[in-house]
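Trainee: First, the structure itself, so that you have it in front of you.
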Number of protein chains: 2
Amino acid sequence: IAKEVVKLLEMKAQLGGDEGKHKFVLKTPKGTRDYSPKQMAIRERVFNAIITCFKRHGAEVIDTPVFELKETLTGKYGEDSKLIYDLKDQGGELLSLRYDLTVPFARYLAMNKITNIKRYHIAKVYRRDNPAMTRGRYREFYQCDFDIAGQFDPMIPDAECLKIVHEILSDLQLGDFLIKVNDRRILDGMFAVCGVPDSKFRTICSSVDKLDKMPWEEVRSEMVGEKGLSPEAADHIGEYVQLHGGLDLIEQLLQDPKLSQNKLAKEGLGDMKLLFEYLTLFGITGKISFDLSLARGLDYYTGVIFEAVLLQPENDHVEEPVSVGSVAGGGRYDGLVGMFDPKGRKVPCVGVSIGIERIFSILEQRVEASEEKIRTTETQVLVASAQKKLLEERLKLISELWNAGIKAEVLYKKNPKLLNQLQYCEDTGIPLVAIVGEQELKDGVVKLRVVATREEVNVRRESLVEEIRMRTSRP
Amino acid sequence: IAKEVVKLLEMKAQLGGDEGKHKFVLKTPKGTRDYSPKQMAIRERVFNAIITCFKRHGAEVIDTPVFELKETLTGKYGEDSKLIYDLKDQGGELLSLRYDLTVPFARYLAMNKITNIKRYHIAKVYRRDNPAMTRGRYREFYQCDFDIAGQFDPMIPDAECLKIVHEILSDLQLGDFLIKVNDRRILDGMFAVCGVPDSKFRTICSSVDKLDKMPWEEVRSEMVGEKGLSPEAADHIGEYVQLHGGLDLIEQLLQDPKLSQNKLAKEGLGDMKLLFEYLTLFGITGKISFDLSLARGLDYYTGVIFEAVLLQPENDHVEEPVSVGSVAGGGRYDGLVGMFDPKGRKVPCVGVSIGIERIFSILEQRVEASEEKIRTTETQVLVASAQKKLLEERLKLISELWNAGIKAEVLYKKNPKLLNQLQYCEDTGIPLVAIVGEQELKDGVVKLRVVATREEVNVRRESLVEEIRMRTSRP
């Protein structure tokens, strides 16, 4: 019977396929979206701010393919590997969509034997995660990455990455923010002194990483229940991960009887101190918090890690501002390039990734709320006519304007009404109308109308380009 | 035995996997490439020229996901559908990478019930084609699309698309070019009067499309041999497809005893005449050729089609310039949006796609040949020191510069040699060096050095930003 049912269902599907040419679902894939012209206008503003900052810090730009050999991504993302999109085996190489821009960057460095570069890369990455699109969590989303690769004196590039996050978040005026900083070596040292077995470092680290979304009690029960950590070790971790502060906390931990005995932790704390000294010179420690609960999920980090969160304005009843989610993150990954190099040669790297989908969401909501009118084109002038049978004259004039570099449009109608042409300008924000008519043609002039003021002035045809430029140049 | 061999091979592969951590191939997927900073600099120049043109014509911009539901792409590309990249079924929807930007655009219009838009879209598309990377043929490549959707008076938007191709190719100074124009209705009419059965129109059209790569004899034998067309019909087609010209040829064909009796061909020829009248007003007919051999492979075209080719400079012995390949193409597709609309409502569209990979290849080769030095960063000034122990002072100064919007770099070393700092400027093209030293700090000045001339001048610290801006503003 089951077989028959399958057969019947298949037949039904076929029938549906034939008669129902238009019956398929009209949508984008789950977790993805289109960008409308209005959204693109906001997106370009954000990109501009970010690219300007990356260039201010002397970065070059590269690009890599959207997919990589599957094996390039294998073993780089720990527990998150299950979220990688694979391509179908259609013969040839096995491919996967990139999961971030960091692993392709490391592959690029190893492949081209580059040991020294400061680059940015802005592109989409792909994760088969549970989307929460209203909060800006997508399966296809942009990352804006800035990384510094090379053997340098400690913590100088690391400090610059934090300066960059600070500049971008200040520039975008998203409200108050906080950059949490920690170090994988401090975490590992902490795990060691708390009695976590070496083999459990990574998985316990993943649990700690959930502290921004789960209360400690739940994380603790995951550690003890699912991951088999001893309750004592978990409680010990629990004491450390509630600590956060600045130079004072670093000094305190450098004196901590257990941590100070651990080589890794001591190294990490020493570098953290140096980092805070550089951040003080940059004048940005006010928004930086050394936070022992920050873990970051990815396997490849080896040193400093950080994450920036936006803070909601304080409510009356809430003591501490509530975090609304991460908008940037990064850290040091000194081993990743070596995983690709045939001889295992390492290239130390540190970098930051700006996650702009949440930033878009916030700015989009803000634009909606403010009823700010966003222009989606840059057209300076509409070439119009007041009478019929002037299509040829409109096309001749607009061709002259285009050739002179003027941004111009014309309605695609033989005989449009003047009113419709003016309405089009109102709707799309075009500031000027160049009107041709019998009389103007005879007189060798064009009537230039300012949409906002309805002012009209006759301009000699040979001066029209100059006049439009003058009237539309930004103040 | 075969089974055992498979088992052994699997075991071997596993062993290889364990010992050979670094044994995998370090490469990008077949038919794809990275862009180095130098290549990106060229790419951005090309994009700028294209985007500037699209904006000059009043286009908005949109973006769509890199993959679509598989069924969205089904049945749109004719014989080329086999080149679509599918994603692996990992549970959930079946997805494919976009094959062009036109089908996603049509899906976007239908989904959002948009009947009227002029938009551009620049993004990568994916085709499992045989790559020929030295000639700029990739499996991942950019398309730059400009399309006009809406019900308008005939051939005005079509003419604008051709004007855009003309502007972009002129702007990029790629040498001489030719834009071939034809119309699907003229082709279909021609097939009808040549005696091609209706059911063979599309496949014979695909054969004609190969005429730019194959001689007529081969195309003819494909038609007759593989596709079962009568030799008489093929020969008849052969006579037509060698015709090319301008208004004169259109007039001639409008008088053609057979073609003029065919309704479709007559419509197409009438519109072609109108198109040439508009192109005359735009002053670009010199580079336009009405060419009956132009077919274009894609199924969705319904009216005007066109393709731009670059022409090699004439050799002494060659009469006609040789085409080195297509760099732009497009046409009218009035039925595609209706395929997505639940009620089959049509939105007429016409558009152009600039294929920039070949343009990149040409410009890259040109840059190589000219030994032009391309800067890959925009850094205005390097903050340097002449003595040791001044890292803190360098960081303080660069922070001031960054905050003032100056593009500045610093070497990530505690005590770099001045010579190394100057060398870095030479290598990367940084024009200025701001040098701090004990004496300068005491005097409240910074020594500003012009790399090109070695001129040095003391600038008061509070005037430094202004001085750098002045010296690096473009003339």
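Simple scheme: letters A, B, ... for chains in structure tokens order, numbers from 1 for residues in each chain, numbers from 1 for ligands in the order shown.
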Excluding same-chain residues fewer than 3 positions from Gly78 of chain A, what lies within 10 Å of it counting only C-alpha atoms, as a VMD selection string?
Mentor: chain A and resid 74 to 75 81 to 82 202 to 203 206 297 to 300
Trainee: Can you write just those residues out, C-alpha atoms, as a PDB file, in the first residue's frame?
Mentor:
```pdb
ATOM      1  CA  THR A  74      37.011  21.002   6.792  1.00  0.00           C
ATOM      2  CA  GLY A  75      38.216  21.095  10.387  1.00  0.00           C
ATOM      3  CA  SER A  81      30.833  22.797  10.693  1.00  0.00           C
ATOM      4  CA  LYS A  82      27.385  21.265  10.348  1.00  0.00           C
ATOM      5  CA  ARG A 202      37.248  23.250  23.020  1.00  0.00           C
ATOM      6  CA  THR A 203      33.815  21.916  23.878  1.00  0.00           C
ATOM      7  CA  SER A 206      31.773  26.424  23.151  1.00  0.00           C
ATOM      8  CA  GLY A 297      32.848  29.746  19.062  1.00  0.00           C
ATOM      9  CA  LEU A 298      35.356  29.320  16.283  1.00  0.00           C
ATOM     10  CA  ASP A 299      38.194  26.860  16.681  1.00  0.00           C
ATOM     11  CA  TYR A 300      40.924  28.819  15.008  1.00  0.00           C
TER      12      TYR A 300
END
```
Trainee: What residues in chain A lie within 7 Å of chain B, counting only C-alpha atoms, written as an NGL selection string?
Mentor: :A and (22-23 or 26-29 or 32-37 or 40 or 55-65 or 68-69 or 86-88 or 111 or 152-153 or 156-157 or 281-282 or 339-342 or 376-379 or 395-396 or 399 or 402 or 406-409 or 412-414)
Trainee: Check segment 312-462 of chain A with DSSP on the backbone and list each residue it calls alpha helix (DSSP H), as an MDAnalysis selection string.
Mentor: chainID A and resid 336:340 356:370 391:403 418:428 438:443
Trainee: At what distance in Å, to one decimal, does atom CA of Ile237 of chain A lie from atom CA of Glu251 of chain A?
Mentor: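 Atom CA of Ile237 of chain A lies at a distance of 19.1 Å from atom CA of Glu251 of chain A.
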Trainee: Please identify all polymer residues within 6 Å of segment 459-474 of chain A, counting only C-alpha atoms, omitting same-chain residues fewer than 5 positions from it, and present them as a ChimeraX atom specification.
Mentor: /A:444-446
Trainee: Need to verify the contact set: Gly303 of chain B, 7 Å, only C-alpha atoms, exclusion of same-chain residues closer than 4 positions in sequence. Can you return it as a list in words?
Mentor: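 Here the qualifying residues turn out to be Asp183, Arg184, Arg185, Gly331, Arg332 and Tyr333 of chain B.
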